[in-house]
Amino acid sequence: MSKKILLEHINVPGIQGYEAYRKVGGYASVEKALKMAPLDIVEEVKKSGLRGRGGAGFPTGMKWSFIDKKSGKPAHLVCNADESEPGTFKDRYLMEKLPHLLIEGMITGSIALEAHLSYIYIRGEYMWVYRILERAINEAYANGWLGKNIKGSGYDLDVHVTCGAGAYICGEETALIESLEGKRGNPRIKPPFPAVSGLWGNPTVVNNVESIAAIPYIVNNGGEEYAKIGVGKSTGTKLISASGHIKNPGVYEIELGLPVDEFMNSDEYLGGMYSDRPLKAVVPGGSSVPILPAELFYKNAKGEPRLMTYESLSDGGFASASMMGSGGFIVYDDTTCVVRNTWNFSRFYHHESCGQCSPCREGTGWMEKILWRIEHGYGNMEDIDLLWEIQRKIEGNTICPLGDAAAWPVAAAIRHFRDEFEFHVKYPEKIKDRNHFVAEPWEKVKHLVKKEEVLV
Amino acid sequence: MKVTIDGQSVEVEPGTTILNAARMIGGDVVPPAMCYYSKLKGSGGKCRCCLVEVSKGSDANPTPMPKLVASCCTTVMDGMEVKSGSSERVSEARKSVTEFLLINHPLDCPICDQAGECDLQNLGFNHGKEATRYQEGRRTFEKIDIGDKIQLHMNRCILCYRCTFVGDQLTPERCHGVMNRGDHAEISTFIQKNIDNEWSGNMIDVCPVGALTDKTFRFKSRVWFTKPMDAHRDCDKCCGKVTLYNFGDEILRVSARKNEYNEVEDFICNTCRFEKKNMSDWTIDGPRKFAKYSVINQNNYSGKMETVEFDTPDQTVLTGRAEDRKAISMINVK
Amino acid sequence: MSEVVLSERLQERIKTLISRYPEGKQKSALITILHEVQNENDDYLTTDLMDKIAEILSIKPIEVYEVATFYSMYNHKPVGKYMLEFCRTSCCATRKAEDMMEYTCQKLGVKEGEVTPDGLFSVRGVECLGACGYAPMLQLGDFYHEFLTKEKIDQLIEDCRAGKVELISKV
């Protein structure tokens with residue numbers, strides 16, 4: 001069994017409630033933090049090497065140190081619980097089962113940032129989790145962990161939960177801030193970054209649920225203790241939400257550095273494929289990251305075994321690797337049609353584009369329509385090259401990373417599975433049935449398309 | 001602060017954007033801008049037409065910026081080096097943005113009142129492709145009536161948000177905005193409602209395309225068949241400085257005076273714009289200067305014309321009707 | 001001035017929500033308020049309701065319309081009392097979410113996005129709801145119904161008809 005930090009007490013009866021949580025040592029980090037200098041807490045988080053768990057993997061301590069304390073404006077800590085990346089459902093699990101862990105992290109984090117008003121922004125679809133958090137916050141107020149003069153320290157803090165209403169884009173930090181201000185979730189143009197001008201123009205730090213939930217452990221045990229777990233710059237534990245064609249889908253806490261093979265096939269974790277169909281491809285970090293074909297999944301291009309770390313999953317760049325992302329681990333067996341799946345992702349990004357900047361607004365829709373045509377048997381060979389060009393034109397040219405997120409899955413699918421796209425174009429009659437690969441697994445029809453030069 | 005754009009250096013105040021620095025240099029280095037409007041606070045950053053490459057961050061930190069940046073909302077640093085027209089990457093990006101903006105545009109220039117003075121037309125002229133690669137159906141919208149003076153034609157909109165800034169910054173209460181999201185986003189009042197206030201007409205002037213046009217000028221004439229003259233009157237609401245678009249002595253349209261970037265010099269009120277259509281209302285200041293590269297300038301035949309050999313029974317096809325030529329001739333304008 | 005009257009509970013709730021933000025930042029409560037108002041008004045927003053909210057928050061009506069049309073969870077047309085929202089994004093799709101939705105549509109005799117004639121049900125396909133590991137799934141009110149099978153859908157529809165299904169979660 002590997003070490004559990006976040007989910008250590010998940011099976012304690014009544015852990016959703018305050019009493020049980022306090023009994024297993026909850027809120028100890030707040031007591032400790034109140035006696036520490038705020039900068040020392042930031043220092044501990046820096047030492048821990050904790051990296052943002054929302055997808056980008058930016059060091060949390062570093063993010064905290066950017067906050068503009070000289071401006072004299074009040075600072076805010078905002079928790080990003082707008083988890084909407086397809087394949088990711090770890091934050092929901094954490095908040096549903098351990099709401100007080102998040103609140104404890106929010107209090108400790110706010111102390112470090114000297115924030116007196118902090119928010120948890122949760123996606124609107126998680127309404128029942130919103131209510132769980134609301135109750136937990138009330139319990140925290142009732143027990144003196146929030147409000148004026150916390151535990152006699154003279155420190156005041158209010159934490160509130162607020163919700164979205166169905167917009168993936170609000171997971172982008174500046175869009176989240178806009179939404180929190182009661183506006184349309186249009187991402188802001190950066191700079192200025194939220195650490196300088198965020199919520200209502202005040203310095204703001206936006207952190208993922210999982211990052212904030214790791215703070216209590218770091219404060220209690222010291223950053224160095226946390227950094228002992230993991231490999232290299234990937235320290236600590238990470239929640240992975242696994243879905244798709246595997247035996248045991250669900251949320252797992254792993255120590256970073258776990259071999260991919262062990263994670264995938266041991267009974268402690270995913271337990272291998274759910275049927276006798278072989279593995280075809282994996283999306284290791286939520287829909288935005290490039291899809292990896294089976295042959296590049298267990299081993300990288302150099303033949304070294306892959307580990308569950310930020311570095312190892314991206315070893316080889318986009319040509320032969322992917323990204324850790326948000327930890328949304330989606331596994332596909334050979335019954336999956338990659339074209340259909342790419343179209344599915346594209347539809348998602350088309351639906352979720354905010355429409356503010358032109359490459360994303362127009363490009364995502366265009367890609368979806370072309371992919372729809374190819375998938376439904378109306379495509380032609382030029383469409384595949386056109387898709388490649390469109391994704392290249394969106395990537396990097398947009399205000400926020402949604403454009404990149406929409407482009408990468410399409411690019412990776414064409415890069416690794418171009419022959420399948422060609423098959424769709426050449427044999428439209430064979431792909432009428434959307435489950436065609438069940439009747440005719442790819443291995444059996446593959447010879448029909450001559451392998452052509454793969455785009456790099 | 002010193003900034004170098006395409007090899008040309010200029011000294012600017014701190015806080016100046018790259019786009020404005022480029023405009024100070026002028027000429028080919030100026031990036032096109034579809035959504036930025038210097039007189040509207042908060043505009044810019046959306047259309048991505050003005051992307052430039054920063055090849056040297058500053059003297060203090062010379063690292064180039066990895067991504068192309070929107071020049072309209074990136075401020076210059078001392079010693080910054082920027083590539084605008086000279087960069088292959090930038091012209092690729094501008095081409096792609098142009099293509100993206102055009103895939104859902106109806107391309108109905110032949111019946112669009114904006115044709116000839118349209119920023120999107122100019123953009124397409126400079127950065128567009130001859131043919132479209134878009135095979136899908138174009139996006140269309142239901143028509144929304146926003147009053148008897150302004151025509152909203154949402155199909156042509158490129159969502160620059162400029163008109164919403166006019167609503168916020170010039171009118172007492174904004175009653176139109178951007179509804180829905182993604183490629184279904186549209187400018188609308190949500191409920192059929194007139195946009196009715198003294199400054200609403202400026203939405204027409206700031207609109208870079210033909211999405212908002214003047215109903216009093218609708219289908220009256222192509223702009224290149226008009227005689228644009230700067231004029232003024234004493235107005236108690238606005239500066240009263242306008243451009244008149246005449247045919248003979250008939251005023252077809254009044255707009256604010258625009259500079260070479262198609263931005264107005266001063267906003268004008270609706271009384272001047274819609275109600276003063278007699279020559280006796282105005283004092284003429286002289287002919288309007290055209291921007292060198294505008295489409296309107298390509299087609300204007302008020303200057304000297306070359307006679308071409310062309311086999312047609314109808315000579316007016318080549319030279320225009322004599323009375324029309326006289327009506328838009330600038331010869332008698334002081 | 002709009003003539004809509006909000007229930008007392010709702011008015012209290014709105015006051016609480018506004019109090020969570022600093023003075024002058026009451027607009028921040030808009031998104032949560034829209035949820036609450038929609039829940040109490042047959043699950044959709046009318047112009048009158050939105051105008052009322054604008055009045056309470058002292059903001060322009062257009063600001064409310066802009067927000068209410070941006071987010072996909074707000075409805076602007078009547079929907080069924082029980083709105084079955086199927087996730088159809090990749091992870092669910094690989095586990096046959098599309099079949100489940102088709103089955104439900106056929107069973108209820110509606111197309112996607114339509115309301116049954118009795119006004120009880122509507123079916124809608126939505127994007128990822130964050131239950132990928134428990135696919136296929138649907139959302140009904142606050143609740144997620146996961147690992148769907150045809151039998152489970154039959155049972156759920158029966159329970160809805162019998163009025164045994166809660167829509168708002170309580171903790």
# chains A, B, ... in the order shown; residues from 1 in each chain; ligands from 1
>>> closest_atom_pairs(of="chain C", to="chain B", cutoff="6 Å", atoms="only C-alpha atoms", output="JSON lines")
{"residue": "C:Ile62", "atom": "CA", "partner": "B:Cys175", "partner_atom": "CA", "distance": 5.6}
{"residue": "C:Glu66", "atom": "CA", "partner": "B:Met179", "partner_atom": "CA", "distance": 5.1}
{"residue": "C:Thr69", "atom": "CA", "partner": "B:Asn180", "partner_atom": "CA", "distance": 4.7}
{"residue": "C:Phe70", "atom": "CA", "partner": "B:Asn180", "partner_atom": "CA", "distance": 4.6}
>>> write_last_selection(atoms="N, CA and C atoms", output="PDB file, in the first residue's frame")
ATOM      1  N   ILE C  62     -29.795  43.988 -18.687  1.00  0.00           N
ATOM      2  CA  ILE C  62     -29.000  43.335 -19.724  1.00  0.00           C
ATOM      3  C   ILE C  62     -27.855  42.519 -19.112  1.00  0.00           C
ATOM      4  N   GLU C  66     -27.259  38.687 -20.095  1.00  0.00           N
ATOM      5  CA  GLU C  66     -25.970  38.238 -20.637  1.00  0.00           C
ATOM      6  C   GLU C  66     -25.465  37.017 -19.886  1.00  0.00           C
ATOM      7  N   THR C  69     -27.733  33.789 -20.312  1.00  0.00           N
ATOM      8  CA  THR C  69     -27.649  33.059 -21.579  1.00  0.00           C
ATOM      9  C   THR C  69     -26.281  32.428 -21.780  1.00  0.00           C
ATOM     10  N   PHE C  70     -25.293  32.846 -20.998  1.00  0.00           N
ATOM     11  CA  PHE C  70     -23.936  32.299 -21.168  1.00  0.00           C
ATOM     12  C   PHE C  70     -23.850  30.890 -20.599  1.00  0.00           C
TER      13      PHE C  70
END
>>> closest_atom_pairs(of="chain B", to="chain A", cutoff="9 Å", atoms="only C-alpha atoms", output="CSV")
residue,atom,partner,partner_atom,distance
B:Gly45,CA,A:Ile189,CA,6.7
B:Lys46,CA,A:Cys357,CA,4.4
B:Cys47,CA,A:Ser358,CA,5.3
B:Arg48,CA,A:Cys357,CA,6.8
B:Cys49,CA,A:Ser358,CA,8.9
B:Leu51,CA,A:Asn397,CA,8.0
B:Lys67,CA,A:Gly396,CA,6.2
B:Leu68,CA,A:Asn397,CA,6.8
B:Val69,CA,A:Asn397,CA,8.0
B:Ala70,CA,A:Ile399,CA,8.8
B:Cys73,CA,A:Ile189,CA,7.8
B:Thr74,CA,A:Pro191,CA,7.9
B:Glu92,CA,A:Lys393,CA,8.4
B:Ala93,CA,A:Lys393,CA,6.8
B:Ser96,CA,A:Lys393,CA,6.2
B:Val97,CA,A:Pro359,CA,6.1
B:Phe100,CA,A:Glu362,CA,5.6
B:Leu101,CA,A:Ser358,CA,6.5
B:Ile103,CA,A:Glu362,CA,7.6
B:Asn104,CA,A:Glu362,CA,7.7
B:Arg133,CA,A:Leu386,CA,8.2
B:Tyr134,CA,A:Trp366,CA,7.9
B:Gln135,CA,A:Ile370,CA,8.7
B:Glu136,CA,A:Lys369,CA,7.1
B:Ile158,CA,A:Ser358,CA,7.8
B:Leu159,CA,A:Gln356,CA,7.3
B:Cys160,CA,A:Gln356,CA,8.2
B:Tyr161,CA,A:Gln356,CA,8.8
B:Asn180,CA,A:Cys354,CA,8.8
B:Arg181,CA,A:Cys354,CA,5.2
B:Gly182,CA,A:Gly355,CA,3.6
B:Asp183,CA,A:Arg361,CA,5.2
B:His184,CA,A:Gly355,CA,7.8
B:Ala185,CA,A:Gly355,CA,6.4
>>> closest_residue(among="A:Pro13, A:Gly327, A:Gly87, A:Gly49", to="chain C", atoms="only C-alpha atoms")
A:Gly87
>>> select_by_dssp(residues="range 118-338 of chain A", states="strand (DSSP E or B)", output="mmCIF file with N, CA and C atoms, in the first residue's frame")
data_model
loop_
_atom_site.group_PDB
_atom_site.id
_atom_site.type_symbol
_atom_site.label_atom_id
_atom_site.label_comp_id
_atom_site.auth_asym_id
_atom_site.auth_seq_id
_atom_site.Cartn_x
_atom_site.Cartn_y
_atom_site.Cartn_z
ATOM 1 N N SER A 118 -12.183 34.474 1.488
ATOM 2 C CA SER A 118 -11.806 33.478 0.486
ATOM 3 C C SER A 118 -13.039 32.747 -0.004
ATOM 4 N N TYR A 119 -12.947 32.244 -1.212
ATOM 5 C CA TYR A 119 -14.108 31.596 -1.820
ATOM 6 C C TYR A 119 -13.745 30.238 -2.392
ATOM 7 N N ILE A 120 -14.739 29.368 -2.343
ATOM 8 C CA ILE A 120 -14.633 28.105 -3.080
ATOM 9 C C ILE A 120 -15.623 28.205 -4.228
ATOM 10 N N TYR A 121 -15.135 28.119 -5.439
ATOM 11 C CA TYR A 121 -16.019 28.209 -6.614
ATOM 12 C C TYR A 121 -16.229 26.806 -7.152
ATOM 13 N N ILE A 122 -17.446 26.321 -7.031
ATOM 14 C CA ILE A 122 -17.726 24.946 -7.437
ATOM 15 C C ILE A 122 -18.638 24.944 -8.657
ATOM 16 N N GLY A 147 -14.579 33.095 10.936
ATOM 17 C CA GLY A 147 -15.232 34.243 11.550
ATOM 18 C C GLY A 147 -14.206 35.177 12.166
ATOM 19 N N LEU A 157 -11.292 35.587 9.353
ATOM 20 C CA LEU A 157 -11.374 34.987 8.022
ATOM 21 C C LEU A 157 -12.807 34.539 7.737
ATOM 22 N N ASP A 158 -13.276 34.894 6.541
ATOM 23 C CA ASP A 158 -14.547 34.365 6.048
ATOM 24 C C ASP A 158 -14.266 33.510 4.828
ATOM 25 N N VAL A 159 -14.870 32.321 4.817
ATOM 26 C CA VAL A 159 -14.784 31.475 3.627
ATOM 27 C C VAL A 159 -16.212 31.179 3.181
ATOM 28 N N HIS A 160 -16.480 31.360 1.894
ATOM 29 C CA HIS A 160 -17.811 31.070 1.382
ATOM 30 C C HIS A 160 -17.691 30.162 0.175
ATOM 31 N N VAL A 161 -18.792 29.445 -0.075
ATOM 32 C CA VAL A 161 -18.815 28.632 -1.284
ATOM 33 C C VAL A 161 -19.765 29.315 -2.261
ATOM 34 N N THR A 162 -19.384 29.299 -3.520
ATOM 35 C CA THR A 162 -20.224 29.924 -4.540
ATOM 36 C C THR A 162 -20.217 29.005 -5.747
ATOM 37 N N CYS A 163 -21.231 29.101 -6.595
ATOM 38 C CA CYS A 163 -21.279 28.092 -7.649
ATOM 39 C C CYS A 163 -21.338 28.691 -9.042
ATOM 40 N N THR A 204 -5.083 37.997 -6.052
ATOM 41 C CA THR A 204 -5.842 36.772 -5.835
ATOM 42 C C THR A 204 -4.999 35.572 -6.235
ATOM 43 N N VAL A 205 -5.125 34.499 -5.445
ATOM 44 C CA VAL A 205 -4.515 33.238 -5.847
ATOM 45 C C VAL A 205 -5.635 32.246 -6.107
ATOM 46 N N VAL A 206 -5.590 31.580 -7.246
ATOM 47 C CA VAL A 206 -6.572 30.553 -7.557
ATOM 48 C C VAL A 206 -5.857 29.210 -7.542
ATOM 49 N N ASN A 207 -6.324 28.300 -6.696
ATOM 50 C CA ASN A 207 -5.713 26.977 -6.592
ATOM 51 C C ASN A 207 -6.751 25.887 -6.753
ATOM 52 N N ASN A 208 -6.323 24.774 -7.280
ATOM 53 C CA ASN A 208 -7.193 23.617 -7.419
ATOM 54 C C ASN A 208 -7.526 23.014 -6.052
ATOM 55 N N GLY A 230 7.556 10.691 -3.825
ATOM 56 C CA GLY A 230 7.621 11.049 -5.238
ATOM 57 C C GLY A 230 9.012 10.979 -5.820
ATOM 58 N N VAL A 231 9.116 11.412 -7.063
ATOM 59 C CA VAL A 231 10.360 11.322 -7.817
ATOM 60 C C VAL A 231 10.707 12.684 -8.383
ATOM 61 N N SER A 234 8.405 15.791 -9.259
ATOM 62 C CA SER A 234 7.028 15.372 -9.024
ATOM 63 C C SER A 234 6.936 14.838 -7.618
ATOM 64 N N THR A 235 6.601 15.728 -6.680
ATOM 65 C CA THR A 235 6.587 15.300 -5.287
ATOM 66 C C THR A 235 5.164 15.047 -4.823
ATOM 67 N N THR A 237 1.659 13.074 -3.387
ATOM 68 C CA THR A 237 0.699 12.127 -3.945
ATOM 69 C C THR A 237 -0.232 12.870 -4.883
ATOM 70 N N LYS A 238 -0.867 12.108 -5.742
ATOM 71 C CA LYS A 238 -1.783 12.721 -6.712
ATOM 72 C C LYS A 238 -3.029 11.859 -6.815
ATOM 73 N N LEU A 239 -4.149 12.528 -6.898
ATOM 74 C CA LEU A 239 -5.382 11.784 -7.135
ATOM 75 C C LEU A 239 -5.526 11.557 -8.634
ATOM 76 N N ILE A 240 -5.800 10.314 -8.992
ATOM 77 C CA ILE A 240 -6.032 10.001 -10.395
ATOM 78 C C ILE A 240 -7.460 9.494 -10.512
ATOM 79 N N SER A 241 -8.211 10.089 -11.422
ATOM 80 C CA SER A 241 -9.566 9.571 -11.642
ATOM 81 C C SER A 241 -9.540 8.740 -12.907
ATOM 82 N N ALA A 242 -9.810 7.457 -12.739
ATOM 83 C CA ALA A 242 -9.673 6.531 -13.863
ATOM 84 C C ALA A 242 -11.042 6.148 -14.385
ATOM 85 N N SER A 243 -11.156 6.131 -15.713
ATOM 86 C CA SER A 243 -12.433 5.768 -16.312
ATOM 87 C C SER A 243 -12.172 5.082 -17.644
ATOM 88 N N GLY A 244 -13.224 4.654 -18.275
ATOM 89 C CA GLY A 244 -13.088 3.983 -19.556
ATOM 90 C C GLY A 244 -13.121 2.475 -19.387
ATOM 91 N N ILE A 246 -11.765 -0.099 -18.089
ATOM 92 C CA ILE A 246 -10.908 -0.753 -17.095
ATOM 93 C C ILE A 246 -11.773 -1.477 -16.078
ATOM 94 N N GLY A 250 -12.515 4.619 -10.948
ATOM 95 C CA GLY A 250 -12.699 5.313 -9.677
ATOM 96 C C GLY A 250 -11.554 6.263 -9.401
ATOM 97 N N VAL A 251 -11.504 6.778 -8.167
ATOM 98 C CA VAL A 251 -10.466 7.732 -7.802
ATOM 99 C C VAL A 251 -9.400 7.023 -6.973
ATOM 100 N N TYR A 252 -8.144 7.213 -7.335
ATOM 101 C CA TYR A 252 -7.037 6.584 -6.623
ATOM 102 C C TYR A 252 -6.028 7.623 -6.187
ATOM 103 N N GLU A 253 -5.532 7.481 -4.985
ATOM 104 C CA GLU A 253 -4.418 8.333 -4.586
ATOM 105 C C GLU A 253 -3.148 7.535 -4.780
ATOM 106 N N ILE A 254 -2.254 8.064 -5.596
ATOM 107 C CA ILE A 254 -1.005 7.345 -5.841
ATOM 108 C C ILE A 254 0.167 8.210 -5.414
ATOM 109 N N GLU A 255 1.251 7.555 -5.055
ATOM 110 C CA GLU A 255 2.497 8.300 -4.860
ATOM 111 C C GLU A 255 3.050 8.558 -6.249
ATOM 112 N N PRO A 259 5.085 3.142 -11.270
ATOM 113 C CA PRO A 259 5.167 2.755 -12.684
ATOM 114 C C PRO A 259 3.769 2.666 -13.306
ATOM 115 N N MET A 273 -7.733 -4.317 -18.130
ATOM 116 C CA MET A 273 -8.905 -4.037 -18.965
ATOM 117 C C MET A 273 -10.136 -4.764 -18.426
ATOM 118 N N LEU A 279 -5.787 -3.261 -24.933
ATOM 119 C CA LEU A 279 -5.661 -1.808 -24.818
ATOM 120 C C LEU A 279 -5.352 -1.188 -26.168
ATOM 121 N N LYS A 280 -6.016 -0.069 -26.474
ATOM 122 C CA LYS A 280 -5.719 0.611 -27.730
ATOM 123 C C LYS A 280 -5.027 1.945 -27.489
ATOM 124 N N ALA A 281 -5.579 2.731 -26.578
ATOM 125 C CA ALA A 281 -5.002 4.051 -26.348
ATOM 126 C C ALA A 281 -5.398 4.544 -24.962
ATOM 127 N N VAL A 282 -4.650 5.529 -24.500
ATOM 128 C CA VAL A 282 -4.914 6.100 -23.175
ATOM 129 C C VAL A 282 -4.816 7.621 -23.276
ATOM 130 N N VAL A 283 -5.754 8.290 -22.627
ATOM 131 C CA VAL A 283 -5.621 9.728 -22.417
ATOM 132 C C VAL A 283 -5.251 9.882 -20.941
ATOM 133 N N PRO A 284 -3.996 10.224 -20.630
ATOM 134 C CA PRO A 284 -3.576 10.113 -19.237
ATOM 135 C C PRO A 284 -3.904 11.309 -18.347
ATOM 136 N N GLY A 286 -6.843 13.835 -18.668
ATOM 137 C CA GLY A 286 -8.010 14.640 -19.018
ATOM 138 C C GLY A 286 -8.040 14.916 -20.504
ATOM 139 N N LEU A 292 -2.444 8.837 -26.200
ATOM 140 C CA LEU A 292 -1.238 8.018 -26.378
ATOM 141 C C LEU A 292 -1.637 6.636 -26.869
ATOM 142 N N PRO A 293 -1.069 6.185 -27.975
ATOM 143 C CA PRO A 293 -1.363 4.824 -28.402
ATOM 144 C C PRO A 293 -0.682 3.815 -27.475
ATOM 145 N N LYS A 299 5.878 2.289 -22.284
ATOM 146 C CA LYS A 299 7.279 2.660 -22.462
ATOM 147 C C LYS A 299 7.355 3.895 -23.322
ATOM 148 N N PRO A 305 10.649 2.398 -19.211
ATOM 149 C CA PRO A 305 9.288 2.320 -18.670
ATOM 150 C C PRO A 305 8.787 3.683 -18.195
ATOM 151 N N LEU A 307 6.654 6.294 -15.878
ATOM 152 C CA LEU A 307 6.196 6.401 -14.496
ATOM 153 C C LEU A 307 5.058 7.408 -14.432
ATOM 154 N N GLY A 328 -6.986 12.931 -15.215
ATOM 155 C CA GLY A 328 -8.159 12.219 -15.731
ATOM 156 C C GLY A 328 -7.690 11.129 -16.663
ATOM 157 N N PHE A 329 -7.688 9.929 -16.161
ATOM 158 C CA PHE A 329 -7.039 8.801 -16.839
ATOM 159 C C PHE A 329 -8.110 8.025 -17.595
ATOM 160 N N ILE A 330 -8.145 8.173 -18.924
ATOM 161 C CA ILE A 330 -9.196 7.508 -19.691
ATOM 162 C C ILE A 330 -8.567 6.416 -20.545
ATOM 163 N N VAL A 331 -9.071 5.215 -20.386
ATOM 164 C CA VAL A 331 -8.485 4.055 -21.070
ATOM 165 C C VAL A 331 -9.451 3.559 -22.138
ATOM 166 N N TYR A 332 -8.922 3.314 -23.325
ATOM 167 C CA TYR A 332 -9.771 2.828 -24.418
ATOM 168 C C TYR A 332 -9.287 1.468 -24.894
ATOM 169 N N ASP A 333 -10.222 0.544 -25.117
ATOM 170 C CA ASP A 333 -9.825 -0.739 -25.705
ATOM 171 C C ASP A 333 -10.032 -0.680 -27.224
#
>>> closest_residue(among="C:Ile157, C:Leu30, C:Leu167, C:Val110", to="chain A", atoms="only C-alpha atoms")
C:Leu30
>>> select_by_dssp(residues="range 213-309 of chain A", states="alpha helix (DSSP H)", output="number ranges by chain")
A: 213-221, 223-227, 260-265
>>> interface_residues(of="chain C", to="chain A", cutoff="9 Å", atoms="only C-alpha atoms", output="short mmCIF file (atom, residue, chain, number, x, y, z; two decimals) with C-alpha atoms, in the first residue's frame")
data_model
loop_
_atom_site.label_atom_id
_atom_site.label_comp_id
_atom_site.auth_asym_id
_atom_site.auth_seq_id
_atom_site.Cartn_x
_atom_site.Cartn_y
_atom_site.Cartn_z
CA LEU C 17 -26.26 35.02 -0.56
CA ARG C 20 -21.39 36.70 1.42
CA TYR C 21 -19.82 39.40 -0.71
CA LYS C 25 -20.07 43.59 -4.92
CA GLN C 26 -23.58 42.21 -4.68
CA LYS C 27 -23.52 41.31 -8.38
CA SER C 28 -21.28 38.38 -7.46
CA ALA C 29 -24.30 36.60 -6.02
CA LEU C 30 -26.05 36.66 -9.40
CA ILE C 31 -25.18 33.17 -10.59
CA THR C 32 -26.24 31.47 -7.37
CA HIS C 35 -30.09 28.92 -9.68
CA GLU C 63 -26.27 42.21 -17.34
CA VAL C 64 -28.58 39.51 -16.05
CA GLU C 66 -25.97 38.24 -20.64
CA VAL C 67 -25.07 35.98 -17.74
CA ALA C 68 -28.21 33.88 -17.91
CA THR C 69 -27.65 33.06 -21.58
CA PHE C 70 -23.94 32.30 -21.17
CA TYR C 71 -24.25 29.44 -18.73
CA SER C 72 -25.78 26.23 -19.97
CA MET C 73 -27.64 25.30 -16.79
CA TYR C 74 -30.21 28.06 -17.11
CA ARG C 88 -22.39 12.07 -23.62
CA THR C 89 -18.75 13.05 -23.51
CA SER C 90 -16.02 10.54 -24.30
CA CYS C 91 -15.81 8.47 -21.12
CA CYS C 92 -19.55 8.04 -20.92
CA ALA C 93 -19.81 7.54 -24.67
CA THR C 94 -17.32 4.65 -24.55
CA ARG C 95 -19.61 3.03 -22.01
CA GLU C 127 -21.27 17.63 -21.83
CA CYS C 128 -19.08 16.04 -19.15
CA LEU C 129 -20.64 16.04 -15.71
CA GLY C 130 -17.64 14.69 -13.85
CA ALA C 131 -18.79 11.15 -13.25
CA CYS C 132 -16.59 9.53 -15.87
CA GLY C 133 -15.63 6.56 -13.72
CA TYR C 134 -19.26 5.77 -13.02
CA ALA C 135 -20.44 5.88 -16.62
CA GLN C 139 -28.34 13.95 -13.84
CA GLY C 141 -32.17 17.60 -10.30
CA ASP C 142 -29.25 17.69 -7.90
CA PHE C 143 -28.64 13.99 -8.17
CA ILE C 168 -33.23 19.00 -4.44
CA SER C 169 -30.65 17.46 -2.13
CA LYS C 170 -30.79 18.09 1.58
CA VAL C 171 -27.92 17.78 3.99
#
>>> atom_distance(atom1="CA of Leu39 in chain A", atom2="CA of Thr60 in chain A")
13.7 Å
>>> atom_distance(atom1="CA of Val445 in chain A", atom2="CA of Val339 in chain A")
14.9 Å
>>> residues_around(residues="Gly85 in chain B", least_positions_apart="4", cutoff="12 Å", atoms="only C-alpha atoms", output="list in words")
Ile5, Asp6, Gly7, Gln8, Ala22, Gly27, Asp28, Val29, Val30, Pro31, Pro32, Cys49, Cys50, Leu51, Val52, Glu53, Arg89, Val90, Ser91, Glu92, Ala93, Arg94, Lys95, Asn126 and His127 of chain B
>>> closest_residue(among="B:Gln121, B:Val76, B:Leu19, B:Asn61", to="Val3 in chain B", atoms="only C-alpha atoms")
B:Val76
>>> closest_residue(among="B:Asn259, B:Thr140, B:Gln169, B:Asn122", to="Arg156 in chain B", atoms="only C-alpha atoms")
B:Thr140
>>> residues_around(residues="Tyr44 in chain C", least_positions_apart="2", cutoff="10 Å", atoms="only C-alpha atoms", output="list of chain:residue names")
C:Leu34, C:His35, C:Val37, C:Gln38, C:Asn39, C:Glu40, C:Asn41, C:Asp42, C:Thr46, C:Leu49, C:Met73, C:Tyr74, C:Asn75, C:His76, C:Lys77, C:Pro78, C:Val79, C:Gly80
>>> atom_distance(atom1="CA of Lys73 in chain A", atom2="CA of Gly201 in chain A")
8.6 Å
>>> residues_around(residues="Glu8 in chain A", least_positions_apart="2", cutoff="12 Å", atoms="only C-alpha atoms", output="VMD selection string")
chain A and resid 1 to 6 10 to 12 15 21 24 to 26 94 97 to 98 101 213 to 214 217 237 252 to 254
>>> residues_around(residues="Leu146 in chain A", least_positions_apart="4", cutoff="12 Å", atoms="only C-alpha atoms", output="number ranges by chain")
A: 27, 30, 103-104, 106-108, 110-111, 116-118, 136-142, 150-160
>>> residues_around(residues="Val5 in chain C", least_positions_apart="2", cutoff="10 Å", atoms="only C-alpha atoms", output="PyMOL selection string")
chain C and resi 2-3+7-8+10-11+48-49+52
>>> write_last_selection(atoms="C-alpha atoms", output="CSV table (one decimal), in the first residue's frame")
chain,number,residue,atom,x,y,z
C,2,SER,CA,-41.5,44.1,-12.5
C,3,GLU,CA,-44.5,42.6,-10.8
C,7,SER,CA,-41.4,33.7,-2.1
C,8,GLU,CA,-40.3,34.7,1.4
C,10,LEU,CA,-36.3,32.9,-1.6
C,11,GLN,CA,-36.0,36.5,-0.5
C,48,ASP,CA,-39.8,39.1,-15.7
C,49,LEU,CA,-37.9,37.0,-13.2
C,52,LYS,CA,-36.7,41.3,-10.8
>>> decode(residues="range 70-75 of chain B", atoms="C-alpha atoms", output="CSV table (one decimal), in the first residue's frame")
chain,number,residue,atom,x,y,z
B,70,ALA,CA,-1.8,40.7,-29.1
B,71,SER,CA,-0.2,44.1,-29.7
B,72,CYS,CA,-3.2,46.1,-28.7
B,73,CYS,CA,-3.0,45.0,-25.1
B,74,THR,CA,0.7,44.3,-24.6
B,75,THR,CA,2.6,47.3,-23.2
